[in-house]
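Visitor: The structure follows.
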Amino acid sequence: MKRIITLTVAILSAVSLLAQKLPVKWEELSAVEFSEAVNQSSKVAIIPMGVLEKHGPQLPLGTDVYTARELSIRAAEIEYAVVFPWYYFGQINEAKHQPGTLSYSPELIWKMLQETLDEIHRNGFDKIILISGHGGNKAFLEYFCQCQLAETRGYSVYWYQQKYNPEMLKKAEALSMHDPNEMHAGNRETSMVKAIVPDRVHTELADSQDASNRKRLSNLSSIYTGIWWYARYPNHYAGDGSKATAEAGEIILESTSEAFAKVIRSVKEDRNVPALTQQFYQEAANPLATPQPYE
């Protein structure tokens, strides 16, 4: 009888635990909580991506991951989803000449992301949202997402490409400054990090390095080359973070995370991507049976 009572108490405790608000961070969930988190998230997980690279003289190397993860956590707390831990395995060849940069091989960053997606799916998630705080991941992620069609997979990948509300930016700039050259480590990014980890931002150093475009490839037109960023911004700094404020950063983070929460909700409700992808896989396996013309 005593054993039955003990077992009942244990079960009730477990149920009570699951009834509580679950953490959104993958690493904070217990094994007991994890299954419920998968269900509560509608099987949606988020990978906030960035890299470790210089961000002007005033910001930490992990700026891109700080911002992408903060946005993901805030959004997931509005519309529940599970947020993967720090992910800094991205494309950053253009900053290899700067201290602290970790630039992995193209083969490794591809395999790392693919196997991470596979493992997330193996743990119960059917929809995975990528969000990158690093602009240099754009070409890589476009091609990576397109190549998900190369073989049959049991999950769908969504890359959220966040946009800033112009009216919100005006409010933020009123508390900091307008930065017409904002590209990398400028006012917007510096303000956001100041709101996340204020003790790691040193705006007093923001003017200590040249952030202007050197225009060292002005002799060429209609040409793309991998050295373009280094040719323009060898200091790996483009913008002005000297007048950034945490108040401005908070406005940006709040507005952008609310927009992301709506995106999470739309992904949860989406039936088109999974259905069309599976239909595509079936037809790709037997292209001669695809109706001509396709109606």
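Labels used: A, B, ... for chains in the order of the structure tokens, numbers from 1 for residues in each chain, and numbers from 1 for ligands as shown.
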Enumerate as an MDAnalysis selection string all residues of region 21-265 of chain A assigned to strand (DSSP E or B) by DSSP on the backbone, naming them with the chain letters and numbers the document uses.

Guide: chainID A and resid 25 44:49 55 59 82:83 87 127:132 156:160 184 238

Visitor: Any chance you could export the current selection's N, CA and C atoms as a PDB file, in the first residue's frame?

Guide:
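The resulting file, part_23.pdb, is reproduced below:
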ATOM      1  N   LYS A  25      13.785  27.192 -23.767  1.00  0.00           N
ATOM      2  CA  LYS A  25      15.155  26.827 -24.140  1.00  0.00           C
ATOM      3  C   LYS A  25      15.347  25.309 -24.058  1.00  0.00           C
ATOM      4  N   VAL A  44       7.230  22.281 -33.308  1.00  0.00           N
ATOM      5  CA  VAL A  44       8.003  23.345 -33.955  1.00  0.00           C
ATOM      6  C   VAL A  44       9.225  23.695 -33.106  1.00  0.00           C
ATOM      7  N   ALA A  45      10.388  23.651 -33.728  1.00  0.00           N
ATOM      8  CA  ALA A  45      11.630  24.043 -33.064  1.00  0.00           C
ATOM      9  C   ALA A  45      12.278  25.185 -33.845  1.00  0.00           C
ATOM     10  N   ILE A  46      13.078  25.977 -33.149  1.00  0.00           N
ATOM     11  CA  ILE A  46      13.758  27.121 -33.752  1.00  0.00           C
ATOM     12  C   ILE A  46      15.263  26.977 -33.558  1.00  0.00           C
ATOM     13  N   ILE A  47      16.019  27.218 -34.631  1.00  0.00           N
ATOM     14  CA  ILE A  47      17.482  27.287 -34.512  1.00  0.00           C
ATOM     15  C   ILE A  47      17.915  28.727 -34.751  1.00  0.00           C
ATOM     16  N   PRO A  48      18.318  29.460 -33.695  1.00  0.00           N
ATOM     17  CA  PRO A  48      18.852  30.810 -33.878  1.00  0.00           C
ATOM     18  C   PRO A  48      20.325  30.697 -34.289  1.00  0.00           C
ATOM     19  N   MET A  49      20.643  31.185 -35.472  1.00  0.00           N
ATOM     20  CA  MET A  49      21.981  31.009 -36.021  1.00  0.00           C
ATOM     21  C   MET A  49      22.788  32.301 -36.017  1.00  0.00           C
ATOM     22  N   HIS A  55      32.626  42.478 -34.374  1.00  0.00           N
ATOM     23  CA  HIS A  55      31.539  43.423 -34.614  1.00  0.00           C
ATOM     24  C   HIS A  55      32.025  44.808 -34.195  1.00  0.00           C
ATOM     25  N   LEU A  59      31.506  45.771 -29.842  1.00  0.00           N
ATOM     26  CA  LEU A  59      30.560  44.698 -29.560  1.00  0.00           C
ATOM     27  C   LEU A  59      31.252  43.349 -29.370  1.00  0.00           C
ATOM     28  N   VAL A  82      10.222  25.443 -29.120  1.00  0.00           N
ATOM     29  CA  VAL A  82      11.452  25.092 -28.421  1.00  0.00           C
ATOM     30  C   VAL A  82      12.640  25.706 -29.159  1.00  0.00           C
ATOM     31  N   VAL A  83      13.472  26.439 -28.418  1.00  0.00           N
ATOM     32  CA  VAL A  83      14.598  27.167 -29.000  1.00  0.00           C
ATOM     33  C   VAL A  83      15.895  26.396 -28.769  1.00  0.00           C
ATOM     34  N   TYR A  87      23.991  28.450 -31.649  1.00  0.00           N
ATOM     35  CA  TYR A  87      24.440  27.798 -32.884  1.00  0.00           C
ATOM     36  C   TYR A  87      25.292  28.806 -33.669  1.00  0.00           C
ATOM     37  N   LYS A 127       8.632  20.490 -37.846  1.00  0.00           N
ATOM     38  CA  LYS A 127       8.845  21.784 -38.486  1.00  0.00           C
ATOM     39  C   LYS A 127       9.970  22.509 -37.765  1.00  0.00           C
ATOM     40  N   ILE A 128      10.958  22.961 -38.541  1.00  0.00           N
ATOM     41  CA  ILE A 128      12.123  23.610 -37.947  1.00  0.00           C
ATOM     42  C   ILE A 128      12.316  24.969 -38.603  1.00  0.00           C
ATOM     43  N   ILE A 129      12.349  26.009 -37.775  1.00  0.00           N
ATOM     44  CA  ILE A 129      12.522  27.380 -38.266  1.00  0.00           C
ATOM     45  C   ILE A 129      13.964  27.815 -38.042  1.00  0.00           C
ATOM     46  N   LEU A 130      14.599  28.316 -39.089  1.00  0.00           N
ATOM     47  CA  LEU A 130      15.929  28.891 -38.985  1.00  0.00           C
ATOM     48  C   LEU A 130      15.798  30.410 -38.928  1.00  0.00           C
ATOM     49  N   ILE A 131      16.550  31.038 -38.041  1.00  0.00           N
ATOM     50  CA  ILE A 131      16.630  32.498 -38.016  1.00  0.00           C
ATOM     51  C   ILE A 131      18.093  32.858 -37.835  1.00  0.00           C
ATOM     52  N   SER A 132      18.613  33.681 -38.714  1.00  0.00           N
ATOM     53  CA  SER A 132      20.035  34.011 -38.672  1.00  0.00           C
ATOM     54  C   SER A 132      20.244  35.467 -38.305  1.00  0.00           C
ATOM     55  N   SER A 156       9.915  19.646 -42.375  1.00  0.00           N
ATOM     56  CA  SER A 156       9.943  20.842 -43.214  1.00  0.00           C
ATOM     57  C   SER A 156      10.831  21.900 -42.579  1.00  0.00           C
ATOM     58  N   VAL A 157      11.586  22.603 -43.424  1.00  0.00           N
ATOM     59  CA  VAL A 157      12.491  23.654 -42.961  1.00  0.00           C
ATOM     60  C   VAL A 157      11.961  25.005 -43.434  1.00  0.00           C
ATOM     61  N   TYR A 158      11.879  25.957 -42.507  1.00  0.00           N
ATOM     62  CA  TYR A 158      11.411  27.309 -42.796  1.00  0.00           C
ATOM     63  C   TYR A 158      12.514  28.289 -42.381  1.00  0.00           C
ATOM     64  N   TRP A 159      12.926  29.137 -43.289  1.00  0.00           N
ATOM     65  CA  TRP A 159      13.924  30.150 -42.944  1.00  0.00           C
ATOM     66  C   TRP A 159      13.214  31.488 -42.785  1.00  0.00           C
ATOM     67  N   TYR A 160      13.182  31.992 -41.560  1.00  0.00           N
ATOM     68  CA  TYR A 160      12.538  33.275 -41.283  1.00  0.00           C
ATOM     69  C   TYR A 160      13.517  34.408 -41.554  1.00  0.00           C
ATOM     70  N   HIS A 184      26.756  46.599 -40.485  1.00  0.00           N
ATOM     71  CA  HIS A 184      27.381  45.623 -39.598  1.00  0.00           C
ATOM     72  C   HIS A 184      27.944  46.348 -38.378  1.00  0.00           C
ATOM     73  N   ALA A 238      30.674  48.422 -40.378  1.00  0.00           N
ATOM     74  CA  ALA A 238      29.995  49.271 -41.347  1.00  0.00           C
ATOM     75  C   ALA A 238      28.789  49.920 -40.672  1.00  0.00           C
TER      76      ALA A 238
END

Visitor: Using only C-alpha atoms, determine which residues lie at most 12 Å from Pro198 (chain A), disregarding the query and same-chain residues fewer than 5 positions distant; provide the list as a list in words.

Guide: Gln58, Leu59, Pro60, Thr63, Tyr66, Thr190, Ser191, Met192, Val193, Thr203, Ala244, Thr245, Ala246, Glu247, Gly249 and Glu250 of chain A

Visitor: Run DSSP on the backbone and give me the residues of region 7-175 of chain A it puts in alpha helix (DSSP H), as a PyMOL selection string.

Guide: chain A and resi 7-19+31-40+63-78+106-122+138-146+166-174

Visitor: Tell me, in Å to one decimal, how far CA of Leu205 (chain A) is from CA of Ala185 (chain A).

Guide: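 If I compute the distance from CA of Leu205 (chain A) to CA of Ala185 (chain A), I get 12.0 Å.
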
Visitor: Give me the residues near Gln162 (chain A) as a VMD selection string, where near means some atom within 12 Å (using only C-alpha atoms) and where sequence neighbours in that chain fewer than 2 positions away do not count.

Guide: chain A and resid 67 to 68 71 to 72 129 to 135 138 159 to 160 164 to 165 252 to 253 255 to 263

Visitor: Given the selection you just returned, output its residues as a file containing N, CA and C atoms, formatted as a PDB file, in the first residue's frame.

Guide:
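This went into out.pdb:
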ATOM      1  N   THR A  67      21.655  38.207 -30.602  1.00  0.00           N
ATOM      2  CA  THR A  67      20.435  38.838 -31.114  1.00  0.00           C
ATOM      3  C   THR A  67      19.443  37.809 -31.646  1.00  0.00           C
ATOM      4  N   ALA A  68      19.932  36.836 -32.430  1.00  0.00           N
ATOM      5  CA  ALA A  68      19.018  35.821 -32.986  1.00  0.00           C
ATOM      6  C   ALA A  68      18.382  34.998 -31.877  1.00  0.00           C
ATOM      7  N   LEU A  71      15.757  37.165 -29.810  1.00  0.00           N
ATOM      8  CA  LEU A  71      14.505  37.297 -30.569  1.00  0.00           C
ATOM      9  C   LEU A  71      13.706  36.001 -30.540  1.00  0.00           C
ATOM     10  N   SER A  72      14.398  34.875 -30.678  1.00  0.00           N
ATOM     11  CA  SER A  72      13.736  33.571 -30.686  1.00  0.00           C
ATOM     12  C   SER A  72      13.102  33.264 -29.340  1.00  0.00           C
ATOM     13  N   ILE A 129      12.349  26.009 -37.775  1.00  0.00           N
ATOM     14  CA  ILE A 129      12.522  27.380 -38.266  1.00  0.00           C
ATOM     15  C   ILE A 129      13.964  27.815 -38.042  1.00  0.00           C
ATOM     16  N   LEU A 130      14.599  28.316 -39.089  1.00  0.00           N
ATOM     17  CA  LEU A 130      15.929  28.891 -38.985  1.00  0.00           C
ATOM     18  C   LEU A 130      15.798  30.410 -38.928  1.00  0.00           C
ATOM     19  N   ILE A 131      16.550  31.038 -38.041  1.00  0.00           N
ATOM     20  CA  ILE A 131      16.630  32.498 -38.016  1.00  0.00           C
ATOM     21  C   ILE A 131      18.093  32.858 -37.835  1.00  0.00           C
ATOM     22  N   SER A 132      18.613  33.681 -38.714  1.00  0.00           N
ATOM     23  CA  SER A 132      20.035  34.011 -38.672  1.00  0.00           C
ATOM     24  C   SER A 132      20.244  35.467 -38.305  1.00  0.00           C
ATOM     25  N   GLY A 133      21.110  35.703 -37.329  1.00  0.00           N
ATOM     26  CA  GLY A 133      21.481  37.059 -36.976  1.00  0.00           C
ATOM     27  C   GLY A 133      22.647  37.553 -37.799  1.00  0.00           C
ATOM     28  N   HIS A 134      23.174  36.700 -38.679  1.00  0.00           N
ATOM     29  CA  HIS A 134      24.381  37.002 -39.447  1.00  0.00           C
ATOM     30  C   HIS A 134      24.050  37.125 -40.931  1.00  0.00           C
ATOM     31  N   GLY A 135      24.264  38.302 -41.502  1.00  0.00           N
ATOM     32  CA  GLY A 135      23.962  38.530 -42.911  1.00  0.00           C
ATOM     33  C   GLY A 135      24.774  37.660 -43.849  1.00  0.00           C
ATOM     34  N   LYS A 138      23.349  34.398 -45.640  1.00  0.00           N
ATOM     35  CA  LYS A 138      22.239  34.472 -46.580  1.00  0.00           C
ATOM     36  C   LYS A 138      22.397  33.515 -47.763  1.00  0.00           C
ATOM     37  N   TRP A 159      12.926  29.137 -43.289  1.00  0.00           N
ATOM     38  CA  TRP A 159      13.924  30.150 -42.944  1.00  0.00           C
ATOM     39  C   TRP A 159      13.214  31.488 -42.785  1.00  0.00           C
ATOM     40  N   TYR A 160      13.182  31.992 -41.560  1.00  0.00           N
ATOM     41  CA  TYR A 160      12.538  33.275 -41.283  1.00  0.00           C
ATOM     42  C   TYR A 160      13.517  34.408 -41.554  1.00  0.00           C
ATOM     43  N   TYR A 164      12.356  44.772 -40.490  1.00  0.00           N
ATOM     44  CA  TYR A 164      12.108  45.764 -39.448  1.00  0.00           C
ATOM     45  C   TYR A 164      10.986  46.709 -39.868  1.00  0.00           C
ATOM     46  N   ASN A 165      10.066  46.956 -38.950  1.00  0.00           N
ATOM     47  CA  ASN A 165       8.981  47.887 -39.188  1.00  0.00           C
ATOM     48  C   ASN A 165       9.538  49.314 -39.255  1.00  0.00           C
ATOM     49  N   ILE A 252      13.351  47.749 -30.574  1.00  0.00           N
ATOM     50  CA  ILE A 252      13.582  46.878 -31.738  1.00  0.00           C
ATOM     51  C   ILE A 252      13.310  45.426 -31.383  1.00  0.00           C
ATOM     52  N   LEU A 253      13.826  44.983 -30.245  1.00  0.00           N
ATOM     53  CA  LEU A 253      13.654  43.595 -29.833  1.00  0.00           C
ATOM     54  C   LEU A 253      12.187  43.254 -29.599  1.00  0.00           C
ATOM     55  N   SER A 255       9.396  44.748 -30.802  1.00  0.00           N
ATOM     56  CA  SER A 255       8.619  44.752 -32.044  1.00  0.00           C
ATOM     57  C   SER A 255       8.954  43.550 -32.914  1.00  0.00           C
ATOM     58  N   THR A 256      10.240  43.253 -33.053  1.00  0.00           N
ATOM     59  CA  THR A 256      10.664  42.173 -33.943  1.00  0.00           C
ATOM     60  C   THR A 256      10.281  40.808 -33.391  1.00  0.00           C
ATOM     61  N   SER A 257      10.350  40.638 -32.077  1.00  0.00           N
ATOM     62  CA  SER A 257       9.964  39.354 -31.485  1.00  0.00           C
ATOM     63  C   SER A 257       8.457  39.126 -31.589  1.00  0.00           C
ATOM     64  N   GLU A 258       7.673  40.185 -31.484  1.00  0.00           N
ATOM     65  CA  GLU A 258       6.228  40.048 -31.664  1.00  0.00           C
ATOM     66  C   GLU A 258       5.898  39.631 -33.092  1.00  0.00           C
ATOM     67  N   ALA A 259       6.615  40.200 -34.054  1.00  0.00           N
ATOM     68  CA  ALA A 259       6.411  39.817 -35.460  1.00  0.00           C
ATOM     69  C   ALA A 259       6.818  38.365 -35.676  1.00  0.00           C
ATOM     70  N   PHE A 260       7.900  37.943 -35.033  1.00  0.00           N
ATOM     71  CA  PHE A 260       8.373  36.563 -35.162  1.00  0.00           C
ATOM     72  C   PHE A 260       7.374  35.594 -34.544  1.00  0.00           C
ATOM     73  N   ALA A 261       6.746  35.984 -33.438  1.00  0.00           N
ATOM     74  CA  ALA A 261       5.747  35.119 -32.801  1.00  0.00           C
ATOM     75  C   ALA A 261       4.594  34.834 -33.760  1.00  0.00           C
ATOM     76  N   LYS A 262       4.197  35.831 -34.527  1.00  0.00           N
ATOM     77  CA  LYS A 262       3.140  35.633 -35.528  1.00  0.00           C
ATOM     78  C   LYS A 262       3.590  34.662 -36.610  1.00  0.00           C
ATOM     79  N   VAL A 263       4.859  34.731 -36.964  1.00  0.00           N
ATOM     80  CA  VAL A 263       5.412  33.808 -37.956  1.00  0.00           C
ATOM     81  C   VAL A 263       5.408  32.374 -37.417  1.00  0.00           C
TER      82      VAL A 263
END

Visitor: Skipping near chain neighbours, those fewer than 2 positions away, what residues fall within 9 Å of Leu217 (chain A) using only C-alpha atoms, listed as a list in words?

Guide: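 Residues meeting the cut-off are Arg214, Lys215, Asn219, Leu220, Ser221, Trp228, Ala231 and Arg232 of chain A.
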
Visitor: How many Å lie between CA of Ala150 (chain A) and CA of Val267 (chain A), rounded to one decimal?

Guide: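 Taking CA of Ala150 (chain A) as the start and CA of Val267 (chain A) as the end point, the length is 22.1 Å.
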
Visitor: When you count only C-alpha atoms, which of these residues is closest to Ser242 (chain A): A:Tyr155, A:Met168, A:Gly56, A:Ser212?

Guide: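 Nearest candidate to Ser242 (chain A) out of A:Tyr155, A:Met168, A:Gly56, A:Ser212: A:Gly56.
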
Visitor: Between A:Asp199, A:Glu115, A:Glu151, A:Glu189, which has the minimum distance to Ala284 (chain A) (counting only C-alpha atoms)?

Guide: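 Distance minimum relative to Ala284 (chain A) lands on A:Glu151.
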
Visitor: Between CA of Ile78 (chain A) and CA of Arg265 (chain A), what is the distance in Å, rounded to a tenth?

Guide: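 These two atoms are separated by 9.7 Å.
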
Visitor: Skipping near chain neighbours, those fewer than 3 positions away, what residues fall within 9 Å of Glu182 (chain A) using only C-alpha atoms, listed as an NGL selection string?

Guide: :A and (178-179 or 185-189 or 238-241)

Visitor: Which residue, A:Ile196, A:Asp270, A:Cys145, A:Lys163, has the smallest gap to Asp64 (chain A) when you use only C-alpha atoms?

Guide: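 Answer, going by the shortest atom-to-atom distance: A:Ile196.
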
Visitor: Using only C-alpha atoms, which residue out of A:Thr116, A:Ser105, A:Ser208, A:Ser218 lies closest to Gln91 (chain A)?

Guide: A:Ser105

Visitor: Determine, counting only C-alpha atoms, which protein, DNA and RNA residues have an atom within 9 Å of an atom of Glu27 (chain A); residues of the same chain fewer than 2 positions away are not included. Present the result as a ChimeraX atom specification.

Guide: /A:23-25,29-30,83-85

Visitor: Which of these residues is nearest to Asn123 (chain A), using only C-alpha atoms: A:Phe34, A:Trp110, A:Tyr88, A:Tyr104?

Guide: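 Going through A:Phe34, A:Trp110, A:Tyr88, A:Tyr104 one by one, the smallest distance to Asn123 (chain A) is for A:Phe34.
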